[in-house]
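For reference, protein_16.cif (mmCIF, C-alpha atoms):
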data_coords
#
loop_
_atom_site.label_atom_id
_atom_site.label_comp_id
_atom_site.auth_asym_id
_atom_site.auth_seq_id
_atom_site.Cartn_x
_atom_site.Cartn_y
_atom_site.Cartn_z
CA MET A 235 -54.76 -11.46 -17.45
CA THR A 236 -52.77 -10.73 -20.58
CA PRO A 237 -50.15 -13.26 -21.71
CA ALA A 238 -47.40 -10.86 -20.58
CA ALA A 239 -48.97 -10.55 -17.10
CA ASP A 240 -49.30 -14.34 -16.90
CA ARG A 241 -45.57 -14.73 -17.60
CA THR A 242 -44.69 -12.14 -14.94
CA GLN A 243 -46.87 -13.85 -12.33
CA LEU A 244 -45.39 -17.25 -13.20
CA TRP A 245 -41.86 -15.84 -12.80
CA LEU A 246 -42.74 -14.31 -9.39
CA ASP A 247 -44.29 -17.60 -8.24
CA ARG A 248 -41.04 -19.41 -9.05
CA LEU A 249 -39.12 -16.92 -6.89
CA LYS A 250 -41.33 -17.41 -3.82
CA PRO A 251 -39.11 -20.12 -2.26
CA TYR A 252 -36.32 -17.55 -2.16
CA SER A 253 -38.46 -14.79 -0.58
CA ALA A 254 -38.55 -12.52 -3.59
CA ARG A 255 -39.51 -8.99 -2.66
CA LEU A 256 -39.64 -5.68 -4.41
CA VAL A 257 -37.52 -2.91 -2.90
CA GLY A 258 -38.30 0.28 -4.75
CA GLU A 259 -39.16 0.33 -8.41
CA PRO A 260 -38.20 -1.17 -10.74
CA GLU A 261 -35.30 -3.05 -9.06
CA LEU A 262 -36.05 -6.57 -7.83
CA ILE A 263 -34.00 -7.83 -4.88
CA VAL A 264 -33.99 -11.63 -4.75
CA GLU A 265 -33.06 -13.08 -1.41
CA GLY A 266 -31.27 -16.39 -1.15
CA LYS A 267 -30.06 -18.71 1.56
CA LEU A 268 -26.70 -19.82 2.88
CA SER A 269 -25.93 -23.33 1.71
CA ARG A 270 -22.29 -23.98 2.54
CA MET A 271 -19.21 -22.61 4.28
CA VAL A 272 -15.72 -23.88 3.47
CA GLY A 273 -12.82 -22.16 5.17
CA LEU A 274 -13.41 -18.43 4.74
CA THR A 275 -15.82 -18.77 1.82
CA LEU A 276 -19.61 -18.67 2.11
CA GLU A 277 -21.82 -20.11 -0.63
CA ALA A 278 -25.32 -18.84 -1.24
CA VAL A 279 -28.04 -20.13 -3.57
CA GLY A 280 -31.17 -18.46 -4.87
CA CYS A 281 -29.87 -14.88 -4.99
CA ARG A 282 -28.43 -12.84 -7.81
CA ALA A 283 -25.61 -10.38 -7.11
CA VAL A 284 -22.77 -8.96 -9.16
CA ILE A 285 -19.07 -9.24 -8.35
CA GLY A 286 -17.99 -6.58 -5.84
CA SER A 287 -21.49 -5.94 -4.49
CA ARG A 288 -22.46 -6.40 -0.85
CA CYS A 289 -24.92 -8.80 0.82
CA ARG A 290 -26.26 -9.06 4.37
CA ILE A 291 -26.53 -12.47 6.01
CA GLU A 292 -29.08 -12.72 8.79
CA THR A 293 -28.41 -15.25 11.55
CA LYS A 294 -31.22 -17.02 13.42
CA SER A 295 -30.54 -14.71 16.38
CA GLY A 296 -31.15 -11.64 14.18
CA ARG A 297 -27.51 -10.58 13.87
CA MET A 298 -26.54 -9.14 10.47
CA ILE A 299 -23.16 -10.03 8.92
CA GLU A 300 -21.99 -8.15 5.84
CA ALA A 301 -20.19 -10.00 3.04
CA GLU A 302 -18.89 -9.15 -0.42
CA VAL A 303 -19.48 -11.14 -3.61
CA VAL A 304 -16.10 -12.45 -4.78
CA GLY A 305 -17.14 -15.11 -7.32
CA PHE A 306 -19.87 -17.40 -8.64
CA SER A 307 -20.30 -20.81 -10.24
CA GLY A 308 -23.59 -21.58 -11.92
CA THR A 309 -26.31 -20.72 -9.43
CA ARG A 310 -23.89 -20.54 -6.48
CA VAL A 311 -22.62 -17.17 -5.31
CA PHE A 312 -19.36 -17.02 -3.34
CA LEU A 313 -19.19 -14.50 -0.52
CA MET A 314 -16.33 -13.32 1.70
CA PRO A 315 -17.37 -11.95 5.12
CA THR A 316 -16.12 -8.60 6.38
CA ALA A 317 -16.40 -9.57 10.06
CA GLU A 318 -16.49 -12.58 12.37
CA VAL A 319 -18.86 -15.34 11.22
CA HIS A 320 -19.86 -16.80 14.60
CA GLY A 321 -23.54 -17.74 14.65
CA LEU A 322 -23.90 -18.67 10.99
CA GLU A 323 -25.68 -21.90 10.09
CA PRO A 324 -27.26 -23.48 6.99
CA ASP A 325 -30.26 -21.71 5.43
CA CYS A 326 -29.50 -18.26 6.90
CA ARG A 327 -31.10 -15.52 4.79
CA VAL A 328 -28.80 -13.84 2.26
CA ILE A 329 -30.07 -10.38 1.27
CA PRO A 330 -28.34 -8.59 -1.65
CA MET A 331 -27.87 -4.92 -0.85
CA GLY A 332 -27.53 -3.87 -4.48
CA THR A 333 -24.59 -1.60 -3.71
CA HIS A 334 -20.89 -1.71 -4.42
CA SER A 335 -18.18 -0.87 -1.92
CA LEU A 336 -17.88 2.88 -1.46
CA ALA A 337 -15.42 4.96 0.53
CA ARG A 338 -16.55 7.94 2.61
CA VAL A 339 -14.12 10.80 2.04
CA GLY A 340 -13.69 14.40 3.13
CA PHE A 341 -11.55 16.76 5.18
CA GLY A 342 -13.33 15.50 8.30
CA LEU A 343 -11.15 12.37 8.08
CA LEU A 344 -8.02 14.32 9.02
CA GLY A 345 -6.74 13.28 12.43
CA ARG A 346 -8.80 10.07 12.42
CA VAL A 347 -7.92 6.37 12.57
CA LEU A 348 -10.21 4.09 10.54
CA ASP A 349 -10.67 0.37 9.95
CA GLY A 350 -10.91 -1.28 6.52
CA ALA A 351 -14.64 -0.53 6.28
CA GLY A 352 -14.08 3.17 6.95
CA ASN A 353 -15.42 3.07 10.51
CA PRO A 354 -13.59 5.01 13.24
CA LEU A 355 -11.28 3.10 15.57
CA ASP A 356 -10.63 6.11 17.78
CA ASP A 357 -12.95 7.71 20.34
CA LYS A 358 -13.47 10.99 18.52
CA GLY A 359 -17.12 10.57 17.59
CA PRO A 360 -18.79 9.99 14.22
CA LEU A 361 -17.01 10.79 10.97
CA LYS A 362 -17.81 13.97 9.06
CA THR A 363 -17.44 13.25 5.36
CA ASP A 364 -18.23 15.23 2.23
CA ALA A 365 -18.74 12.55 -0.40
CA LYS A 366 -18.57 8.88 -1.33
CA VAL A 367 -16.25 7.50 -4.01
CA SER A 368 -15.66 4.07 -5.49
CA LEU A 369 -13.31 1.89 -3.47
CA ASN A 370 -11.73 0.70 -6.72
CA GLY A 371 -10.99 4.18 -8.07
CA VAL A 372 -11.12 5.45 -11.64
CA SER A 373 -8.35 4.78 -14.14
CA ILE A 374 -6.40 7.76 -15.47
CA ASN A 375 -5.40 7.96 -19.13
CA PRO A 376 -1.59 7.46 -19.06
CA LEU A 377 -1.15 10.14 -21.74
CA ALA A 378 -3.04 12.64 -19.57
CA ARG A 379 -0.87 12.24 -16.46
CA ARG A 380 1.40 15.14 -15.66
CA PRO A 381 5.09 14.16 -15.84
CA ILE A 382 7.20 14.05 -12.68
CA ARG A 383 9.45 17.09 -12.75
CA GLU A 384 9.65 18.36 -9.15
CA PRO A 385 11.74 16.78 -6.35
CA LEU A 386 10.10 15.98 -3.01
CA ASP A 387 11.92 16.60 0.27
CA VAL A 388 11.46 13.50 2.48
CA GLY A 389 13.77 14.68 5.27
CA VAL A 390 16.09 11.65 5.01
CA ARG A 391 19.59 12.57 3.82
CA ALA A 392 20.45 9.25 2.14
CA ILE A 393 17.24 9.39 0.08
CA ASN A 394 17.32 13.12 -0.69
CA ALA A 395 20.95 13.00 -1.87
CA MET A 396 21.39 9.51 -3.36
CA LEU A 397 17.87 8.39 -4.33
CA SER A 398 15.98 11.64 -4.94
CA VAL A 399 12.21 11.17 -5.04
CA GLY A 400 9.92 13.12 -7.37
CA ARG A 401 6.52 14.50 -6.44
CA GLY A 402 4.08 11.90 -7.77
CA GLN A 403 6.55 9.00 -7.78
CA ARG A 404 5.75 5.45 -6.56
CA MET A 405 8.61 3.89 -4.60
CA GLY A 406 9.03 0.46 -3.03
CA LEU A 407 10.71 -0.04 0.35
CA PHE A 408 12.12 -3.58 0.22
CA ALA A 409 13.12 -5.13 3.53
CA GLY A 410 13.08 -8.28 5.62
CA THR A 411 11.69 -8.29 9.13
CA GLY A 412 13.41 -6.24 11.82
CA VAL A 413 15.65 -4.04 9.68
CA GLY A 414 14.01 -0.70 10.45
CA LYS A 415 11.45 -0.15 7.70
CA SER A 416 8.80 1.07 10.16
CA ILE A 417 11.24 3.59 11.65
CA LEU A 418 12.15 4.85 8.19
CA LEU A 419 8.45 5.18 7.30
CA GLY A 420 7.94 7.13 10.51
CA MET A 421 10.76 9.52 9.65
CA MET A 422 9.26 10.18 6.22
CA THR A 423 5.81 10.63 7.75
CA LYS A 424 7.09 13.39 10.05
CA TYR A 425 9.57 15.13 7.75
CA THR A 426 8.16 14.92 4.20
CA LYS A 427 6.90 18.22 2.83
CA ALA A 428 3.37 17.21 1.85
CA ASP A 429 -0.07 18.73 2.52
CA ILE A 430 -1.73 15.47 3.59
CA VAL A 431 -0.36 12.13 4.81
CA VAL A 432 -2.40 8.95 4.36
CA VAL A 433 -1.08 5.85 6.11
CA GLY A 434 -2.29 2.32 5.38
CA LEU A 435 -1.24 -0.25 8.01
CA ILE A 436 -2.23 -3.45 6.24
CA GLY A 437 -1.87 -6.88 7.83
CA GLU A 438 0.80 -5.89 10.34
CA ARG A 439 0.89 -6.49 14.09
CA GLY A 440 -1.94 -4.85 16.03
CA ARG A 441 0.34 -3.28 18.63
CA GLU A 442 2.13 -1.32 15.89
CA VAL A 443 -1.02 0.68 15.13
CA ASN A 444 -1.11 2.49 18.46
CA GLU A 445 2.68 2.87 18.49
CA PHE A 446 2.60 4.46 15.04
CA VAL A 447 -0.21 6.85 15.96
CA GLN A 448 1.11 7.83 19.40
CA LYS A 449 4.90 7.70 19.03
CA ILE A 450 5.65 8.28 15.36
CA LEU A 451 2.85 10.56 14.19
CA GLY A 452 2.13 12.25 17.49
CA GLU A 453 -0.62 14.79 18.11
CA GLU A 454 0.77 17.36 15.67
CA GLY A 455 1.49 14.88 12.90
CA LEU A 456 -1.96 13.32 13.17
CA LYS A 457 -3.65 16.67 12.45
CA ARG A 458 -2.69 16.42 8.76
CA ALA A 459 -2.93 12.62 8.52
CA VAL A 460 -5.47 9.85 8.01
CA VAL A 461 -4.61 6.34 9.24
CA VAL A 462 -6.32 3.22 7.90
CA ALA A 463 -5.51 0.18 10.05
CA THR A 464 -6.42 -3.44 9.28
CA PRO A 465 -4.17 -5.61 11.46
CA ALA A 466 -3.28 -9.25 10.80
CA ASP A 467 -6.29 -10.59 12.72
CA CYS A 468 -8.78 -8.90 10.35
CA PRO A 469 -10.49 -11.02 7.67
CA PRO A 470 -8.61 -11.04 4.34
CA LEU A 471 -11.33 -9.00 2.63
CA MET A 472 -10.89 -6.22 5.21
CA ARG A 473 -7.13 -6.22 4.65
CA VAL A 474 -7.65 -5.85 0.91
CA ASN A 475 -10.29 -3.15 1.43
CA GLY A 476 -7.99 -1.32 3.84
CA ALA A 477 -5.41 -0.83 1.08
CA LEU A 478 -8.13 0.24 -1.37
CA LEU A 479 -9.65 2.64 1.16
CA ALA A 480 -6.31 4.33 1.93
CA THR A 481 -5.75 4.81 -1.81
CA SER A 482 -9.28 6.18 -2.34
CA ILE A 483 -8.78 8.73 0.45
CA ALA A 484 -5.44 9.79 -1.07
CA GLU A 485 -7.12 10.15 -4.48
CA TYR A 486 -9.81 12.41 -3.02
CA PHE A 487 -7.27 14.82 -1.52
CA ARG A 488 -5.21 14.74 -4.73
CA ASP A 489 -8.30 15.73 -6.71
CA GLN A 490 -8.64 18.75 -4.40
CA GLY A 491 -5.26 19.95 -5.72
CA LEU A 492 -3.23 18.86 -2.68
CA ASP A 493 0.10 17.04 -2.51
CA VAL A 494 -0.44 13.74 -0.72
CA LEU A 495 2.08 11.34 0.79
CA LEU A 496 0.69 7.78 0.78
CA LEU A 497 2.53 5.25 2.96
CA MET A 498 1.38 1.63 2.76
CA ASP A 499 2.80 -1.03 5.06
CA SER A 500 2.74 -3.46 3.44
CA LEU A 501 2.08 -4.31 -0.21
CA THR A 502 3.06 -7.91 0.54
CA ARG A 503 0.29 -8.30 3.15
CA PHE A 504 -2.20 -6.92 0.60
CA ALA A 505 -1.07 -9.59 -1.88
CA GLN A 506 -1.23 -12.32 0.75
CA ALA A 507 -4.77 -11.31 1.72
CA HIS A 508 -5.86 -11.47 -1.91
CA ARG A 509 -4.16 -14.87 -2.21
CA GLU A 510 -6.29 -16.14 0.69
CA ILE A 511 -9.46 -14.95 -1.05
CA ALA A 512 -8.49 -16.35 -4.46
CA LEU A 513 -7.49 -19.77 -3.12
CA ALA A 514 -10.69 -19.95 -1.05
CA ILE A 515 -12.78 -19.73 -4.24
CA ASP A 516 -10.65 -22.41 -5.95
CA GLU A 517 -8.48 -20.22 -8.17
CA PRO A 518 -5.45 -22.36 -9.07
CA PRO A 519 -2.10 -21.28 -7.57
CA ALA A 520 0.69 -20.30 -9.94
CA THR A 521 3.97 -18.91 -8.56
CA LYS A 522 4.81 -19.98 -4.99
CA GLY A 523 1.13 -20.37 -4.18
CA TYR A 524 0.09 -16.97 -5.56
CA PRO A 525 -2.82 -17.19 -8.07
CA PRO A 526 -2.56 -15.16 -11.33
CA SER A 527 -5.17 -12.64 -10.15
CA VAL A 528 -2.80 -11.41 -7.42
CA PHE A 529 -0.32 -10.19 -10.04
CA ALA A 530 -3.16 -8.37 -11.81
CA LYS A 531 -4.28 -6.64 -8.59
CA LEU A 532 -0.84 -5.20 -7.74
CA PRO A 533 -0.53 -2.85 -10.76
CA HIS A 534 -4.22 -1.91 -10.43
CA LEU A 535 -3.54 -0.68 -6.89
CA VAL A 536 -0.18 0.98 -7.56
CA GLU A 537 -1.25 2.76 -10.76
CA ARG A 538 -3.89 4.70 -8.84
CA ALA A 539 -1.11 6.73 -7.18
CA GLY A 540 0.94 9.38 -9.00
CA ASN A 541 0.14 12.74 -10.55
CA ALA A 542 -3.40 13.62 -11.54
CA ASP A 543 -4.58 14.29 -15.08
CA HIS A 544 -5.91 17.71 -14.08
CA GLY A 545 -5.27 20.29 -11.39
CA GLY A 546 -2.10 20.44 -9.34
CA GLY A 547 -2.54 17.50 -6.99
CA SER A 548 -0.24 14.51 -6.62
CA ILE A 549 0.16 11.26 -4.68
CA THR A 550 3.72 10.31 -3.82
CA ALA A 551 3.54 6.73 -2.59
CA PHE A 552 5.87 4.48 -0.61
CA TYR A 553 4.93 0.81 -0.49
CA THR A 554 6.81 -1.50 1.83
CA VAL A 555 7.54 -4.93 0.37
CA LEU A 556 8.39 -7.67 2.84
CA ALA A 557 11.21 -9.78 1.41
CA GLU A 558 10.51 -13.21 2.88
CA GLY A 559 13.76 -14.71 4.13
CA ASP A 560 15.52 -11.56 2.86
CA ASP A 561 14.88 -12.81 -0.70
CA THR A 562 14.41 -9.70 -2.82
CA ASN A 563 13.53 -11.96 -5.80
CA ASP A 564 10.41 -13.25 -4.06
CA PRO A 565 7.45 -13.26 -6.57
CA ILE A 566 5.70 -10.26 -4.99
CA ALA A 567 8.95 -8.30 -4.66
CA ASP A 568 9.80 -9.06 -8.28
CA ALA A 569 6.32 -8.05 -9.49
CA ALA A 570 6.41 -4.86 -7.40
CA ARG A 571 9.77 -3.82 -8.86
CA GLY A 572 8.24 -4.03 -12.33
CA VAL A 573 5.37 -1.62 -11.60
CA LEU A 574 7.06 0.87 -9.25
CA ASP A 575 9.21 3.87 -10.19
CA GLY A 576 12.13 2.76 -8.06
CA HIS A 577 13.05 0.76 -4.99
CA ILE A 578 14.91 1.34 -1.74
CA VAL A 579 16.49 -1.82 -0.36
CA LEU A 580 17.20 -2.11 3.37
CA SER A 581 20.14 -4.38 4.20
CA ARG A 582 20.14 -6.73 7.19
CA ALA A 583 23.95 -6.65 7.27
CA LEU A 584 23.90 -2.86 7.66
CA ALA A 585 21.15 -3.03 10.29
CA ASP A 586 23.06 -5.68 12.25
CA SER A 587 26.12 -3.41 12.28
CA GLY A 588 24.09 -0.52 13.76
CA HIS A 589 23.88 1.45 10.51
CA TYR A 590 20.51 3.28 10.37
CA PRO A 591 18.70 3.85 8.15
CA ALA A 592 20.04 0.59 6.69
CA ILE A 593 19.72 1.70 3.05
CA ASP A 594 21.83 -0.29 0.59
CA ILE A 595 22.60 2.39 -2.00
CA GLU A 596 24.17 -0.19 -4.35
CA ALA A 597 20.94 -2.18 -4.67
CA SER A 598 18.59 0.84 -4.61
CA VAL A 599 17.52 3.08 -7.48
CA SER A 600 15.17 5.99 -8.19
CA ARG A 601 14.10 5.84 -11.82
CA VAL A 602 12.99 9.47 -12.04
CA MET A 603 16.05 10.94 -10.30
CA PRO A 604 17.81 12.09 -13.53
CA ASP A 605 14.68 14.05 -14.53
CA ILE A 606 14.23 16.02 -11.30
CA ILE A 607 17.72 17.07 -10.15
CA GLU A 608 20.54 19.15 -11.55
CA ALA A 609 23.40 17.53 -13.47
CA SER A 610 25.93 18.45 -10.77
CA HIS A 611 23.86 16.67 -8.12
CA GLN A 612 23.58 13.61 -10.35
CA GLN A 613 27.35 13.48 -10.89
CA MET A 614 28.08 13.76 -7.16
CA ALA A 615 25.61 10.98 -6.32
CA ARG A 616 27.20 8.72 -8.94
CA GLU A 617 30.68 9.44 -7.57
CA VAL A 618 29.69 8.56 -3.99
CA LYS A 619 27.96 5.39 -5.19
CA ARG A 620 31.06 4.43 -7.21
CA LEU A 621 33.38 4.95 -4.21
CA TYR A 622 31.02 3.05 -1.91
CA SER A 623 30.83 0.14 -4.38
CA LEU A 624 34.61 0.03 -4.89
CA TYR A 625 35.20 -0.23 -1.17
CA GLN A 626 32.60 -3.00 -0.75
CA GLN A 627 34.10 -5.00 -3.65
CA ASN A 628 37.59 -4.85 -2.13
CA ARG A 629 36.57 -4.95 1.52
CA ASP A 630 38.03 -8.39 2.25
CA LEU A 631 41.41 -7.48 0.74
CA ILE A 632 41.48 -4.22 2.69
CA SER A 633 40.46 -5.90 5.96
CA VAL A 634 43.25 -8.52 5.89
CA GLY A 635 45.86 -6.01 4.73
CA ALA A 636 46.34 -7.66 1.33
CA TYR A 637 45.75 -4.40 -0.54
CA GLN A 638 48.83 -2.19 -0.90
CA SER A 639 48.27 1.55 -0.82
CA GLY A 640 49.03 3.17 -4.20
CA ALA A 641 48.14 0.09 -6.27
CA ASP A 642 44.95 1.71 -7.55
CA PRO A 643 44.19 5.45 -7.08
CA ARG A 644 40.44 4.80 -7.23
CA ILE A 645 40.56 2.27 -4.39
CA ASP A 646 42.82 4.61 -2.44
CA LYS A 647 40.17 7.33 -2.70
CA ALA A 648 37.42 4.86 -1.73
CA ILE A 649 39.37 3.92 1.42
CA GLU A 650 40.00 7.57 2.23
CA LYS A 651 36.32 8.52 1.90
CA ASN A 652 34.73 5.37 3.33
CA VAL A 653 34.25 6.57 6.93
CA ALA A 654 32.86 9.92 5.75
CA ILE A 655 30.48 8.18 3.32
CA MET A 656 29.18 5.81 6.01
CA ASP A 657 28.62 8.74 8.39
CA PHE A 658 26.83 10.66 5.61
CA LEU A 659 24.42 7.76 4.95
CA GLN A 660 23.42 7.44 8.60
CA GLN A 661 20.90 9.64 10.38
CA ASP A 662 19.25 9.76 13.77
CA MET A 663 15.50 9.16 13.69
CA ASP A 664 14.83 12.46 15.49
CA GLU A 665 16.89 14.44 12.98
CA ALA A 666 15.46 15.97 9.79
CA VAL A 667 17.76 16.88 6.91
CA GLU A 668 16.20 18.98 4.15
CA LEU A 669 16.85 18.40 0.46
CA GLU A 670 19.03 21.48 -0.07
CA GLN A 671 21.01 20.71 3.07
CA SER A 672 21.49 17.11 1.90
CA VAL A 673 22.94 18.25 -1.43
CA ASP A 674 25.27 20.74 0.32
CA GLN A 675 26.56 18.00 2.63
CA LEU A 676 27.06 15.71 -0.37
CA ALA A 677 29.19 18.40 -2.02
CA MET A 678 31.22 18.89 1.19
CA LEU A 679 31.81 15.14 1.39
CA LEU A 680 33.45 15.17 -2.04
CA GLY A 681 35.30 18.42 -1.42
CA VAL A 682 33.32 20.27 -4.09
CA LYS A 683 32.23 22.95 -1.57
#
Take the structure in the file and give it back as structure tokens.
Amino acid sequence: MTPAADRTQLWLDRLKPYSARLVGEPELIVEGKLSRMVGLTLEAVGCRAVIGSRCRIETKSGRMIEAEVVGFSGTRVFLMPTAEVHGLEPDCRVIPMGTHSLARVGFGLLGRVLDGAGNPLDDKGPLKTDAKVSLNGVSINPLARRPIREPLDVGVRAINAMLSVGRGQRMGLFAGTGVGKSILLGMMTKYTKADIVVVGLIGERGREVNEFVQKILGEEGLKRAVVVATPADCPPLMRVNGALLATSIAEYFRDQGLDVLLLMDSLTRFAQAHREIALAIDEPPATKGYPPSVFAKLPHLVERAGNADHGGGSITAFYTVLAEGDDTNDPIADAARGVLDGHIVLSRALADSGHYPAIDIEASVSRVMPDIIEASHQQMAREVKRLYSLYQQNRDLISVGAYQSGADPRIDKAIEKNVAIMDFLQQDMDEAVELEQSVDQLAMLLGVK
């Protein structure tokens, strides 16, 4: 043998304890073994795999469990399973697959309900897909993105008139529990004028999945929609992948030149799932238990939505943000506000008084609204917001009769218009109000028309 051949043989001999085997040429797949499991994290030794790639773990009974590489330390590789880990024990074989996470995409996904791995949850047979794309997407040059110049009709009067949304905008829906965010999402799902609707139900209650599909979307709505559901009982990696998969599907349809509405409920559950993964591999916590990597993942996910750099497609995205304890300054809520193009805040006080949708127009803002509507519309929205705010600031004085009519003409007008404004901001969930109709009603409210 030549010296080079001797070195190769020596190297292969050293790999024998780890069942080295050639799979194709020239790639060498080195199998390892499971050495440790702590919490949700699996540790493997003897194998080499890159971050984000997949491995299969073979139990003694022959069952295969898929896991993703989420970290490493020296010769140890940290894995996060994508399914239940019952049956695992020390020294199980760990087989690197040599592939990264990919999303199956295509028009055959329309009308389907998928899990975080892209497998069907419904009983409609196998998926028919056209291509596979990276689960992590491809970054778009910010200078190449088309600007947001066209308003999008979402069918909700308070949003159309007071918080106009642009096609390609990313909005946050900030709310505590039980204030009607799911109902508002359902209204936008049914009434928004978009070609495709992609819904990501991430980390929420399992019963809400069927309710959303059957009651909110319905048979007609589902025909133009794709639902990705990873309920709270799914492993954290599946919850993270569910959000990435929904975004990848939306990107595919955008790249076909279509206008996509992406609804993700919720961004907070995505962050919490990533926190579970990061803490499991010993990343130190920073703000309220959230490791620094969580705050890097949020903009990476959100920035994938928006207008494309070519063609005519767009992704208009609504991300719900769960305000824990109704604290809108929670770390995730605060980070989300910094990367989104506006936020809609739902008020518990309004919801408790029977005001639906419970949108607090004082605390809400659409950052692209001045660029997509006419000046007259902007002036009317500001006037209604000013009157609403004046009434709320003086509400206690008005309620106890301490305010004397005529003391301030502005407050007098706010009192006069208050009932009409509150009626204008409310809407039945089975009622759709188009953008043009919303603006006309806003003008009638102020006596302009």
Residue neighbourhood range 403-410 of chain A, 6 Å, all atoms listed in the file, exclusion window fewer than 5 positions, as number ranges by chain: A: 540, 550-557, 560, 574-580
Decode the PyMOL selection byres ((chain A and resi 498) around 6) for the given file into explicit residues and return them as a PDB file with C-alpha atoms, in the frame of the given file.
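So result-v3.pdb came out as:
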ATOM      1  CA  VAL A 433      -1.080   5.850   6.110  1.00  0.00           C
ATOM      2  CA  GLY A 434      -2.290   2.320   5.380  1.00  0.00           C
ATOM      3  CA  LEU A 497       2.530   5.250   2.960  1.00  0.00           C
ATOM      4  CA  ASP A 499       2.800  -1.030   5.060  1.00  0.00           C
ATOM      5  CA  SER A 500       2.740  -3.460   3.440  1.00  0.00           C
ATOM      6  CA  TYR A 553       4.930   0.810  -0.490  1.00  0.00           C
TER       7      TYR A 553
END
If I take CA of Leu451 in chain A and CA of Ala505 in chain A, how far is one from the other in Å, to one decimal?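 Separation of CA of Leu451 in chain A and CA of Ala505 in chain A: 26.1 Å.
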Expanded to explicit residues, what is the PyMOL selection byres ((chain A and resi 276) around 9) for this file, as a list in words? Leu268, Ser269, Arg270, Met271, Val272, Gly273, Leu274, Thr275, Glu277, Ala278, Ala301, Val311, Phe312, Leu313, Met314 and Pro315 of chain A
Polymer residues at most 6 Å from range 605-611 of chain A, only C-alpha atoms, same-chain spacing of 3 or more positions, as number ranges by chain: A: 383-385, 602, 614
Answer as a PDB file with C-alpha atoms, in the frame of the given file, residues within 7 Å of (-26.9, -8.8, -4.1) using all atoms listed in the file:
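Result saved to out.pdb:
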ATOM      1  CA  CYS A 281     -29.870 -14.880  -4.990  1.00  0.00           C
ATOM      2  CA  ARG A 282     -28.430 -12.840  -7.810  1.00  0.00           C
ATOM      3  CA  ALA A 283     -25.610 -10.380  -7.110  1.00  0.00           C
ATOM      4  CA  VAL A 284     -22.770  -8.960  -9.160  1.00  0.00           C
ATOM      5  CA  SER A 287     -21.490  -5.940  -4.490  1.00  0.00           C
ATOM      6  CA  ARG A 288     -22.460  -6.400  -0.850  1.00  0.00           C
ATOM      7  CA  CYS A 289     -24.920  -8.800   0.820  1.00  0.00           C
ATOM      8  CA  ILE A 329     -30.070 -10.380   1.270  1.00  0.00           C
ATOM      9  CA  PRO A 330     -28.340  -8.590  -1.650  1.00  0.00           C
ATOM     10  CA  MET A 331     -27.870  -4.920  -0.850  1.00  0.00           C
ATOM     11  CA  GLY A 332     -27.530  -3.870  -4.480  1.00  0.00           C
TER      12      GLY A 332
END
Taking the file as I've supplied it (selection: the PyMOL selection byres ((chain A and resi 542) around 12)), which residues are included? Please answer as a ChimeraX atom specification. /A:372-382,401-403,484-494,537-541,543-550
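Of the listed residues A:Pro470, A:Gly437, A:Gly400, A:Gly640, the one whose atoms come nearest to Ser600 in chain A is A:Gly400, with distances taken using all atoms listed in the file.
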At a cut-off of 9 Å, using all atoms listed in the file, what residues contact Gly389 in chain A? Leave out same-chain residues fewer than 4 positions from it and give the result as JSON, numbers by chain. {"A": [393, 394, 421, 422, 424, 425, 426, 427, 665, 666, 667, 668, 669, 672]}
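Taking CA of Pro465 in chain A as the reference point, CA of Leu348 in chain A is found at 11.5 Å.
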Hey, which of A:Thr316, A:Asn475, A:Thr521, A:Ser587 ends up closest to Leu535 in chain A? Count only C-alpha atoms. A:Asn475
Here is a test: counting all atoms listed in the file, which residue of A:Glu650, A:Asp349, A:Glu292, A:Glu265 is nearest to Val474 in chain A?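 Looking only at the distances to Val474 in chain A, the closest residue turns out to be A:Asp349.
Minimum atom-to-atom distance to Lys415 in chain A, evaluated using only C-alpha atoms, belongs to A:Ala592 out of A:Leu631, A:Arg601, A:Ala592, A:Val536.
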In Å, how far is it from CA of Ile595 in chain A to CA of Ala569 in chain A?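 That distance, rounded to one decimal, is 20.7 Å.
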